[in-house]
Structures are given as structure tokens and as C-alpha cells.
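Below is one structure, written out as C-alpha cells; comments come after it.
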Amino acid sequence: MAHRLPRRTFLTTAGAAALGAAGMAALPGCGGGGNADATYRARAHPQAEAWKNRIGLAQGGDDPARNVQTAIENLCGKDGVRTFVRQGDIVVVKPNIGWAQVPEMGATVDPTVVATVVRLCREAGAATVKVFDNSVGTDAKCYQFSGIEEAAREAGADVFLCQRHRFRTVTFADPRCKRLKEWPIYDDVLTCDVLVNVAVAKTHNLCYVTLCMKNLMGTQGGDRGKMHQEIHQNLADLNVTITPTFNILDATRVMIDGGPGGGRKDQVVRADTIVCGTSSTTIDCWAADPAHLPWPKGHHDLKAVEMVARGAEAGLGTADPAKIEVAA
Amino acid sequence: MAKRKKPRHLLHVLRIVSQLVFLGLFVGLVVATALGTTVTDHPWLARLFLITDPLILVGMTLAGAFSAALLAALAVLALSLLFPRAYCGWICPLGTSMDIIDKVLFRRRKRTREAAPALRQMKYGLLAALLVTALFGLGVFGWFDPVCIATRSFAVAVYPIADWAAKTGLVAAEEAGIDAAAGVYDWASGAGLFIRDANFKEGTAGIGYLWLAVFAAVLLGIWLAQAYQKRFWCRNLCPLGAMLGLAGSVSPFRPRVSDACIACGACRDRCKVGALEPTADGERYRGLVQECIFCYSCEREFCPVDAIHIGAGRPGPVRPEPRVVPGRRAFLGSAAAAAVVAPAMLLDQRTREKNETNPKVRPPGALRPDTEFLAACVRCGACMRVCPTNALHPSGIENGLAGLWTPTFVFNIGYCEYYCGVPADDVQAGRLDGTANLCGKVCPTGAIQALAHAEKIAHKIGTAVFDPTRCLPWARGEECLTCEEQCPLPDKAISHRTEEVANLDWLALPQSKRHRYEDLEARLAAGTLSDTERAELEAMPPKSRLLARPYVLRDRCIGCGTCENVCPLDGPSGVRVERLQTREVRVTDVGGQQRQRGRTGHGGPR
């Protein structure tokens with residue numbers, strides 16, 4: 001007589017197998033892709049069109065916090081951050097926390113700058129301000145070394161590490177996207193009301209400089225090394241799809257060589273400059289210009305920073321420095 | 001179920017408490033051996049169970065890899081002189097886990113009577129064999145040491161499996177809309193409880209790939225062998241148990257059976273380790289001091305006539321009873337077998353060592369040459385548990401059979417973190433003399449040396465080498481430089497040069513067009529081109545274009561593997577860390593003139 005499988009054993013085994021399979025499917029990397037209909041829905045700045053070629057600038061002094069405030073007020077008027085943050089908003093502040101380097105190395109945004117932005121958003125009535133970055137280096141170390149975790153938390157932000165399963169695949173459906181079809185973007189970026197992109201000014205081994213447009217790569221998951229093939233077009237596509245509500249460039253320190261990782265203090269110079277605007281492309285166009293920031297002589301000219309031209313082609317801003325209106 | 005007839009001996013209760021406390025301590029310490037926890041601030045905690053293991057002390061001393069920290073094991077050895085295998089019954093975490101499994105799975109199973117007592121001699125033979133391999137400078141006794149087995153199984157199998165299950169459950173709950181699950185996930189992640197790889201590969205690989213399954217299987221095997229005999233491992237195989245038992249042969253404390261014994265055999269049926277057996281004439285029973293683990297179950301509970309007493313008294317024979325330890329011939333046989341196998345393993349190792357492109361690289365601070373590392377490493381896996389980017393994994397036999405389960409880098413998963421064990425405050429304050437490599441911090445035997453930051457970043461793990469058949473700019477003419485971007489050295493070890501490369505658009509032209517282009521090009525050089533022809537030439541895609549190609553500066557490269565890790569290629573990376581030049585510089589490890597051997601100064605093709 002063949003041994004009969006008791007019903008209970010069969011059911012429990014089958015049930016356990018089904019649970020296991022469901023668990024496998026739920027785990028990223030084992031099952032299907034993320035949520036396919038995820039879309040970016042943060043508001044554009046109300047003046048986004050009008051201020052496309054306009055930047056706010058604050059230079060001098062040794063207080064980055066005051067520079068941030070001044071630059072924003074120069075651009076937006078007295079209402080400052082209130083022009084784009086409303087009562088009860090969920091705000092994501094995406095600083096560059098990409099590298100495990102202390103602030104003096106200029107590889108990450110100055111913690112004071114991040115704290116100030118967080119404070120201003122809170123004062124403008126934001127319900128939650130989230131601060132995070134998909135770091136390039138070992139994330140926990142980057143958060144600590146940059147000093148941003150501590151400073152932002154003190155200023156009242158919710159600071160957390162990115163988790164792999166919370167990236168959602170976003171279709172790059174805009175016809176202006178020429179190269180990228182889709183990319184996983186962090187969930188909190190997709191569900192926020194306002195995205196504030198806070199970049200730091202550094203040289204870059206592949207695209208000469210890394211400023212606001214490239215900083216947005218911190219919202220991306222997946223294999224970001226694959227952004228490096230035709231990076232300029234990729235960055236334009238990214239900025240078209242994930243257009244920040246507001247951009248701030250921290251050039252308190254400028255890394256003039258060894259970027260973007262850095263690690264040598266002698267490659268960092270102080271510029272005590274904060275630039276802000278509604279267009280990442282326009283800010284990059286101004287900041288990449290060797291006339292405005294202390295880029296090393298002969299390192300690059302504006303034309304070499306092709307992402308600006310690609311961004312302007314997509315209508316994100318201007319690639320012509322003469323057209324930029326500086327509110328200082 | 002039979003009712004318990006007699007109350008437990010007080011020491012029996014204390015023994016259970018002790019077991020649970022030590023198991024809890026062991027598990028807690030392994031879990032907490034992570035970046036930024038108290039355990040990594042006080043690394044002796046992470047090593048606690050390993051440095052108190054006398055087998056490791058004796059083995060390392062024989063292997064010529066003695067280190068002072070191991071003297072802590074003298075405490076356990078001293079304990080065993082009085083209470084031979086009390087360690088096994090009261091402390092050993094592996095033993096406790098076996099007792100728990102036995103209680104859960106085999107509570108009602110009758111086993112002891114039919115089990116073969118002669119099997120217990122194997123552990124003495126194994127001990128002899130392992131100590132002989134140690135004499136040959138191989139730390140392979142760690143394969144069989146129970147504390148190493150416990151550490152390795154827990155760190156490389158149990159913990160990753162639990163980690164995977166917890167993450168899977170929490171992610172599923174989160175996707176189902178339970179916010180609390182997301183909160184728990186963030187908390188656990190922030191507290192360093194989760195295994196996190198570089199680039200969010202957590203949960204996909206665990207630690208050690210296949211080895212995870214192997215270590216889980218070894219642990220399961222040890223647990224389930226109890227279906228045949230309680231504490232099968234401890235009784236028959238454990239070399240540490242054999243050593244403690246032999247050391248304790250002189251002890252006045254031993255299981256004693258009085259004349260009241262009626263030879264009913266109740267004790268033999270129930271003793272976990274077979275420490276009670278009939279005398280040759282079968283008229284009464286006797287206790288075996290080398291085997292008893294002092295669990296105190298027998299004294300009050302088993303014996304119907306209270307004939308058993310574990311304690312001091314008239315000194316028993318120091319020489320083990322016959323059939324406890326193997327005879328001289330068997331002893332010598334095991335030792336001789338080891339004396340044949342060990343040199344064979346060494347020869348195998350040396351042959352592989354000569355293979356220059358051997359890709360298996362060691363953690364920073366690993367003793368060199370590799371033969372010294374093989375002597376000092378106990379294969380416990382503590383370094384794999386603590387690696388913050390999950391880059392360290394057990395070797396297979398790529399490093400030779402002798403290298404089995406020694407740590408090696410898998411750069412596809414993680415990389416050697418530049419500021420590994422250095423807190424932010426220390427960097428800020430320029431205090432860089434603390435131990436910088438977590439693997440070196442937790443290593444119980446000093447096989448991986450603790451390095452200060454300056455030493456660690458100068459320590460050459462290996463050298464990155466570009467694979468011109470895979471690297472995008474080299475093989476396919478596409479721009480990339482991700483490796484250079486992410487090289488963590490302040491003076492980057494990867495540099496690039498803009499070079500003229502073939503333009504695929506030009507190559508895609510029909511042959512006639514290409515020949516026309518070359519013709520026009522030649523006439524341009526000769527200056528005989530008309531204006532229309534010049535316009536025609538300019539309208540065609542250029543023959544070549546400019547592209548930045550990366551090169552390794554091998555004198556700077558420390559082989560941290562970040563480049564290999566971040567390479568965007570699927571499959572093997574276009575740049576890989578190899579021991580290539582490590583062998584040449586291993587005498588000083590770093591710096592100085594490297595032997596040139598006809599190479600020019602970069603890792604890429606000329």
C-alpha cells in the first residue's frame with residue numbers, strides 16, 4: 001500500500017510553500033518589479049515658468065545660514081520659502097550626502113545649509129520635512145561624517161537611510177526624455193508635495209562639474225553606474241521627469257579638484273556663495289561658468305558642461321549665461 | 001508521558017540557567033557585532049567565546065600563531081582540571097542549542113541503549129589529527145571547533161536567514177499598508193541590526209551564498225544527529241570536548257557510582273553523553289570522568305537507589321578507562337594520517353599561491369604571506385559578520401583546501417570601506433590611531449591584524465586591473481569612469497586619459513563610403529582637396545572620436561574593490577581586484593619600489 005499523505009500535512013506544507021513564495025515575491029530582487037504606475041507629483045514652483053532664467057544669489061560673509069536665507073529672499077521676495085511651501089505640506093529636502101567625508105572636504109552639502117532649509121520649510125508650515133540621499137558611499141557613514149544627519153534632525157527633519165524595497169519604477173514618459181525609459185525613484189520623492197534639491201558645487205571626473213542637475217541622482221535607485229553612458233542626456237531626462245520644486249546650490253565650499261569624492265582639504269576653496277532658483281539647468285549654467293565660481297583655470301568652459309545644453313534643449317532653463325537674470 | 005519521579009538537583013536547575021544565560025550572551029554578542037555598537041567599541045566582547053576556547057589556544061600555539069589574548073582560555077582549562085567537561089554542559093552555546101533541539105524534537109525518543117559507545121573514541125582521534133595539522137601550520141582545526149562552528153553557523157547562516165525572513169515579512173507588511181512595519185524596518189536598519197550590502201543589495205545575497213546553505217546544513221546535521229544519540233556531536237566528535245575531558249582526568253570531581261548500584265541501566269539510558277556504563281563484569285555501573293559534562297541530571301533523577309554522586313572523593317584512576325580513548329595504534333594512526341594530509345594541503349596551497357592571477361584577496365591586515373594567515377585563522381566567520389558592506393565571505397577551495405572557509409572579499413557585494421571602523425568625530429579631530437578595520441578588531445587570533453587608519457589605507461589588499469574585454473570605454477567605446485568617480489582615495493588610484501577611438505558611426509558606413517572617406521582624408525593631408533570635396537568630407541561622420549579611458553595607478557591602488565563593486569556592467573566587472581602585485585610587495589606590504597618585471601606603470605593594456 002502506498003503511503004497516503006494525510007490531509008493536514010498536505011495543507012500545512014502547501015500553505016507554508018505558498019507563504020514562502022509570497023515572501024519571495026515581496027522581496028525586491030526575488031519577485032517582479034516595483035509599482036509600475038508610480039509617478040512623480042510634487043508641485044512645481046508657482047513662478048517656475050516666469051523665473052526659468054532667474055536665480056537668487058547671496059555671496060560673502062562666513063555664515064552659510066544667512067546666505068541661504070538671503071539668496072531665497074533675493075529670488076522669492078520677503079515670503080521666501082512660503083512661495084512654494086504651504087501649510088501641511090510634506091517636503092523632501094534632498095541634499096548631497098553622497099560621500100563619507102567631513103564637511104570641510106566639500107564633498108557633501110554643508111550641514112548648516114541643510115539645517116537652514118529644513119528650518120525655513122518648517123517655519124513655512126510644512127507638516128513633515130524629510131531629509132535623505134541614496135548615498136554613493138556606505139550610507140550610514142555618509143550620514144554621520146557629513147554631519148547632515150545630526151544637523152537636520154536637530155532642525156526638526158525626519159532623517160532616514162534609503163531602503164532598497166522603497167524604490168518605485170517611474171516611466172520617463174515625457175517626450176523630451178530622449179534616452180531613459182524608466183528608472184527606480186525613491187518612494188518618498190514620489191509622494192511628497194515639494195522637492196527641494198540641495199546640491200554642492202564640485203568638479204567631476206566625467207562631466208567636469210557636478211551641480212544641481214546631477215545632484216538629483218540621489219533620488220535614483222538601481223544601478224546608477226548605468227547613468228554614466230551619455231550622462232548629459234540622461235541627466236536632462238532625469239530633470240525633466242523629476243523636476244524639483246526648488247533648487248539650492250551650496251557653494252560655501254567649492255571642490256576644485258578630485259571631485260566628486262574628494263578627500264583633500266587643499267582641493268577645497270571657500271566661495272561663500274549660495275545660489276537658488278526654480279530651474280536646475282539655469283543654476284548649473286550660471287555656476288559652471290568659470291567667471292562665477294573658482295573653477296581651476298582651463299579646467300572647462302561652459303560649453304563642455306553639456307548637460308546644461310541638454311537641459312536647455314528640453315526647456316528646463318537656459319544655456320546662455322547672458323540671459324540669466326541674477327537677483328542679488 | 002512519564003511523570004517526573006524525583007525533584008531536580010539544585011545544580012541541575014543552575015546548569016539550565018547557566019546554559020540559557022551563556023547562549024543568550026553568545027547570540028546577543030554575535031547580533032550586536034556590527035558597525036557602531038558597544039561590541040565593536042569593546043572588541044573583546046565580540047571575541048569573548050573564541051578567546052576562552054582552550055582548543056584555539058593550544059592549536060594556535062602549535063601552529064606558531066600564539067597571541068596573548070588567547071591566554072584567557074587558561075580560565076576554561078583551569079576549570080576543566082577540576083570539572084572536566086563542565087564547559088560542555090554549562091557554557092558551550094553549541095551544546096545548549098543541541099539540548100534545546102533535543103527537548104523540542106526528540107523528547108519522547110528512546111535512543112541510548114542501542115547506540116554504539118565505541119564511536120566516542122573518534123573525537124580523540126580527531127583531536128590528535130587536528131593538533132598534528134596545527135603543527136604543520138594550518139588552523140583548520142577551526143572547522144571542527146565547537147565555538148567556531150557556533151560562531152560561523154550563527155553569523156553566516158542563522159543570522160542571515162533570520163535577517164532575510166524579518167526583512168521579507170516587514171516588507172510584505174509594509175506593502176500591505178501597515179505603517180508600523182515600515183517604522184520597525186527603519187528602526188532595525190538604523191540600529192544596524194540588518195545586514196546591509198553596498199548599493200542596497202540587502203536580502204539578495206546574504207552572507208556567503210552557497211556557504212550559507214552549507215553552514216545551515218552542518219548545524220542541522222549536528223542538531224538532527226541527536227535522533228540517533230543525544231549530543232551525538234559532543235559525545236563522538238567534539239575535539240574540544242576530548243581535550244577538556246583528557247585535561248580533567250586528574251580531577252577529584254567525577255561521577256561516582258557507589259556499591260548500592262543494582263545495575264539497572266536507568267542511568268545509561270538517560271545520560272546525554274554516555275558517561276555511565278556497565279563495568280566489564282556487568283555487575284555494576286561506573287562513571288567516566290572524561291565523558292561526564294556535569295549536567296547533574298543523574299544524581300537525583302535517574303538512579304532509583306541514589307547510587308550516583310558527582311563530586312569529590314577518593315581520586316580515581318588518572319588513566320582513562322579502556323574503550324574510552326582509542327588505543328595507541330589508533331591514536332598514532334590518526335596522527336599519521338594528518339601528517340600526510342597536512343603537507344598535501346600545504347602543497348596544494350603553494351601551487352595555487354604561485355598562480356599570479358588568483359583572484360581571492362584577504363581582508364586588510366591579514367597576515368602575510370598567506371601561509372601565516374592560514375595558520376592563524378580559525379575560520380570562525382566573525383570578520384564576515386562585522387564587515388559593514390558585507391564584502392567578506394567564506395572562501396571555497398579557490399585558496400586551496402586549506403583555505404576553506406577563510407575570509408575573502410566578494411567585491412560584487414561590497415567593498416573594503418575606507419573609513420571602516422573610524423568614527424566621524426575622530427576624523428574631524430584628526431585622531432586616526434584607533435583600530436580602523438572592524439574585521440581586525442573582532443578577529444580572535446590576530447590573523448587579521450588591527451590596523452590604525454593610516455596603516456589600513458596604506459595596506460595593499462590587492463590591485464585593481466582593467467579587463468579590456470569588458471570595461472565599457474576599453475571594450476565598447478562607451479563613456480563611463482564610474483570607477484574613477486568612486487575611488488575613495490584622496491589621491492585617486494584610477495585616472496583617465498582622453499584618447500582617439502574608432503567611431504562606430506564611421507565603421508557603420510558602407511565600404512565604398514569608407515574608402516571614399518579615406519581617399520578624401522589622404523588628399524586633405526596632401527592639400528589637394530577642392531572646396532566641394534572638403535564639404536563632402538565634413539558631412540561624413542569622423543573616422544575616430546575622443547573618449548576618456550581609465551587606467552589604474554598601481555602604486556596608489558590599495559585594492560579596496562570599490563571600483564569593482566560599482567562597475568555598471570552586469571556580470572563580472574570590467575575592473576577587478578587581484579592579488580597580482582600583492583605577492584611582489586608582501587614583504588613590506590606597502591610602498592617602496594615595486595619590482596617592475598617589465599611592466600609599465602598601469603594596470604590597463606598598453
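Labels used: A, B, ... for chains in the order of the C-alpha cells, numbers from 1 for residues in each chain, and numbers from 1 for ligands as shown.
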message = Distance cut-off 8 Å, counting only C-alpha atoms - which residues of chain A neighbour chain B? Return them as a VMD selection string.
response = chain A and resid 23 to 24 26 to 30 100 102 136 to 138 141 144 to 145 160 to 161 163 to 165 204 to 206 223 to 226 228 to 230 258 to 264
Quick one: everything within 10 Å of Pro7 of chain B, counting only C-alpha atoms, minus sequence neighbours fewer than 4 positions away in the same chain. Send it as a short mmCIF file (atom, residue, chain, number, x, y, z; two decimals) with N, CA, C and O atoms, in the first residue's frame.
```cif
data_model
loop_
_atom_site.label_atom_id
_atom_site.label_comp_id
_atom_site.auth_asym_id
_atom_site.auth_seq_id
_atom_site.Cartn_x
_atom_site.Cartn_y
_atom_site.Cartn_z
N HIS B 12 21.31 20.99 38.82
CA HIS B 12 20.68 20.77 37.53
C HIS B 12 19.95 22.05 37.10
O HIS B 12 20.10 22.53 35.96
N ARG B 300 20.11 12.94 41.16
CA ARG B 300 18.86 12.81 41.91
C ARG B 300 17.77 12.11 41.12
O ARG B 300 16.86 11.52 41.67
N GLU B 301 17.83 12.26 39.78
CA GLU B 301 16.65 11.92 38.99
C GLU B 301 16.66 10.50 38.40
O GLU B 301 15.63 9.88 38.30
#
```
request  = Write down as a PyMOL selection string the residues belonging to segment 189-220 of chain A that are assigned strand (DSSP E or B) by DSSP computed on the backbone.
outcome  = chain A and resi 194-204+208-210+220
query = Which residues, written as a PyMOL selection string, have at least one atom at most 9 Å from segment 113-128 of chain A, with only C-alpha atoms counted and residues fewer than 6 positions away on the same chain left out?
reply = chain A and resi 64-69+80-95+148+151-158+196+198+250+252
Kindly export the residues of the current selection with N, CA and C atoms, as an mmCIF file, in the first residue's frame.
```
data_model
loop_
_atom_site.group_PDB
_atom_site.id
_atom_site.type_symbol
_atom_site.label_atom_id
_atom_site.label_comp_id
_atom_site.auth_asym_id
_atom_site.auth_seq_id
_atom_site.Cartn_x
_atom_site.Cartn_y
_atom_site.Cartn_z
ATOM 1 N N PRO A 64 26.817 80.503 6.257
ATOM 2 C CA PRO A 64 26.026 79.870 5.195
ATOM 3 C C PRO A 64 24.525 79.979 5.461
ATOM 4 N N ALA A 65 24.126 79.948 6.741
ATOM 5 C CA ALA A 65 22.704 80.015 7.073
ATOM 6 C C ALA A 65 22.119 81.335 6.569
ATOM 7 N N ARG A 66 22.852 82.432 6.807
ATOM 8 C CA ARG A 66 22.332 83.724 6.365
ATOM 9 C C ARG A 66 22.321 83.794 4.846
ATOM 10 N N ASN A 67 23.351 83.247 4.236
ATOM 11 C CA ASN A 67 23.395 83.251 2.774
ATOM 12 C C ASN A 67 22.204 82.512 2.176
ATOM 13 N N VAL A 68 21.832 81.388 2.785
ATOM 14 C CA VAL A 68 20.694 80.630 2.268
ATOM 15 C C VAL A 68 19.444 81.496 2.327
ATOM 16 N N GLN A 69 19.246 82.087 3.482
ATOM 17 C CA GLN A 69 18.057 82.908 3.672
ATOM 18 C C GLN A 69 18.058 84.091 2.692
ATOM 19 N N GLY A 80 9.815 84.413 0.807
ATOM 20 C CA GLY A 80 10.827 83.363 0.799
ATOM 21 C C GLY A 80 10.249 81.996 0.488
ATOM 22 N N VAL A 81 10.536 81.060 1.381
ATOM 23 C CA VAL A 81 10.136 79.668 1.187
ATOM 24 C C VAL A 81 8.610 79.525 1.107
ATOM 25 N N ARG A 82 7.887 80.504 1.723
ATOM 26 C CA ARG A 82 6.414 80.417 1.699
ATOM 27 C C ARG A 82 5.859 80.492 0.278
ATOM 28 N N THR A 83 6.680 80.947 -0.667
ATOM 29 C CA THR A 83 6.167 80.988 -2.046
ATOM 30 C C THR A 83 5.991 79.579 -2.612
ATOM 31 N N PHE A 84 6.624 78.592 -2.024
ATOM 32 C CA PHE A 84 6.425 77.239 -2.557
ATOM 33 C C PHE A 84 6.093 76.186 -1.506
ATOM 34 N N VAL A 85 6.205 76.496 -0.238
ATOM 35 C CA VAL A 85 5.788 75.539 0.790
ATOM 36 C C VAL A 85 4.502 76.035 1.434
ATOM 37 N N ARG A 86 3.470 75.189 1.444
ATOM 38 C CA ARG A 86 2.194 75.571 2.046
ATOM 39 C C ARG A 86 2.010 74.852 3.368
ATOM 40 N N GLN A 87 1.053 75.349 4.112
ATOM 41 C CA GLN A 87 0.696 74.735 5.396
ATOM 42 C C GLN A 87 0.396 73.243 5.188
ATOM 43 N N GLY A 88 1.006 72.395 5.995
ATOM 44 C CA GLY A 88 0.669 70.972 5.957
ATOM 45 C C GLY A 88 1.364 70.172 4.863
ATOM 46 N N ASP A 89 2.271 70.788 4.144
ATOM 47 C CA ASP A 89 2.972 70.083 3.057
ATOM 48 C C ASP A 89 3.931 69.014 3.589
ATOM 49 N N ILE A 90 4.114 67.992 2.765
ATOM 50 C CA ILE A 90 5.213 67.053 3.008
ATOM 51 C C ILE A 90 6.366 67.489 2.106
ATOM 52 N N VAL A 91 7.449 67.890 2.722
ATOM 53 C CA VAL A 91 8.574 68.427 1.957
ATOM 54 C C VAL A 91 9.737 67.442 2.004
ATOM 55 N N VAL A 92 10.328 67.168 0.861
ATOM 56 C CA VAL A 92 11.569 66.389 0.826
ATOM 57 C C VAL A 92 12.721 67.328 0.497
ATOM 58 N N VAL A 93 13.694 67.365 1.387
ATOM 59 C CA VAL A 93 14.912 68.117 1.118
ATOM 60 C C VAL A 93 15.969 67.086 0.758
ATOM 61 N N LYS A 94 16.478 67.141 -0.475
ATOM 62 C CA LYS A 94 17.416 66.122 -0.944
ATOM 63 C C LYS A 94 18.807 66.742 -1.051
ATOM 64 N N PRO A 95 19.567 66.721 0.054
ATOM 65 C CA PRO A 95 20.931 67.256 -0.033
ATOM 66 C C PRO A 95 21.870 66.209 -0.612
ATOM 67 N N ILE A 148 25.219 65.881 8.387
ATOM 68 C CA ILE A 148 23.880 66.297 7.968
ATOM 69 C C ILE A 148 22.806 65.598 8.788
ATOM 70 N N ALA A 151 22.520 67.493 12.123
ATOM 71 C CA ALA A 151 22.057 68.871 11.978
ATOM 72 C C ALA A 151 20.604 68.924 11.525
ATOM 73 N N ALA A 152 20.257 68.074 10.558
ATOM 74 C CA ALA A 152 18.899 68.102 10.029
ATOM 75 C C ALA A 152 17.904 67.613 11.072
ATOM 76 N N ARG A 153 18.308 66.613 11.836
ATOM 77 C CA ARG A 153 17.422 66.084 12.869
ATOM 78 C C ARG A 153 17.169 67.145 13.928
ATOM 79 N N GLU A 154 18.239 67.866 14.280
ATOM 80 C CA GLU A 154 18.093 68.939 15.267
ATOM 81 C C GLU A 154 17.154 70.020 14.771
ATOM 82 N N ALA A 155 17.183 70.254 13.454
ATOM 83 C CA ALA A 155 16.334 71.297 12.885
ATOM 84 C C ALA A 155 14.901 70.807 12.699
ATOM 85 N N GLY A 156 14.656 69.558 13.054
ATOM 86 C CA GLY A 156 13.277 69.067 13.029
ATOM 87 C C GLY A 156 12.929 68.220 11.834
ATOM 88 N N ALA A 157 13.941 67.721 11.144
ATOM 89 C CA ALA A 157 13.643 66.905 9.966
ATOM 90 C C ALA A 157 13.582 65.429 10.341
ATOM 91 N N ASP A 158 12.929 64.685 9.480
ATOM 92 C CA ASP A 158 12.889 63.239 9.597
ATOM 93 C C ASP A 158 14.020 62.726 8.698
ATOM 94 N N VAL A 196 12.865 69.807 -2.610
ATOM 95 C CA VAL A 196 13.916 70.825 -2.621
ATOM 96 C C VAL A 196 15.249 70.122 -2.852
ATOM 97 N N VAL A 198 19.098 70.160 -2.953
ATOM 98 C CA VAL A 198 20.197 70.961 -2.390
ATOM 99 C C VAL A 198 21.526 70.331 -2.794
ATOM 100 N N ASP A 250 24.829 74.857 -2.948
ATOM 101 C CA ASP A 250 25.700 75.271 -1.862
ATOM 102 C C ASP A 250 27.128 75.375 -2.389
ATOM 103 N N THR A 252 29.313 77.206 -0.644
ATOM 104 C CA THR A 252 30.059 77.739 0.505
ATOM 105 C C THR A 252 31.511 77.300 0.364
#
```
key: From A:Thr281, A:Gln220, A:Asn215, A:Asn197, residue lying nearest Ala236 of chain A [only C-alpha atoms]   = A:Thr281
ask   = Any idea what the distance is between atom CA of Ala247 of chain B and atom CA of Ala73 of chain B?
value = 13.2 Å
task = Would you work out the distance separating atom CA of Arg176 of chain A from atom CA of Tyr208 of chain A, expressed in Å to one decimal?
result =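 Pair atom CA of Arg176 of chain A / atom CA of Tyr208 of chain A returns 23.9 Å.
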key: Closest of A:Leu316, A:Met255, A:Val131, A:Ala271 to Ala50 of chain A - atom-to-atom distances counting only C-alpha atoms   =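 Going through A:Leu316, A:Met255, A:Val131, A:Ala271 one by one, the smallest distance to Ala50 of chain A is for A:Leu316.
Computed from the coordinates, the atom CA of Val194 of chain A to atom CA of Trp51 of chain A distance equals 17.1 Å.
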ask   = Which polymer residues have any atom within 6 Å of an atom of Val254 of chain A, counting only C-alpha atoms, with same-chain residues fewer than 3 positions away left out, as JSON, numbers by chain?
value = {"A": [201, 202, 251, 268, 269]}
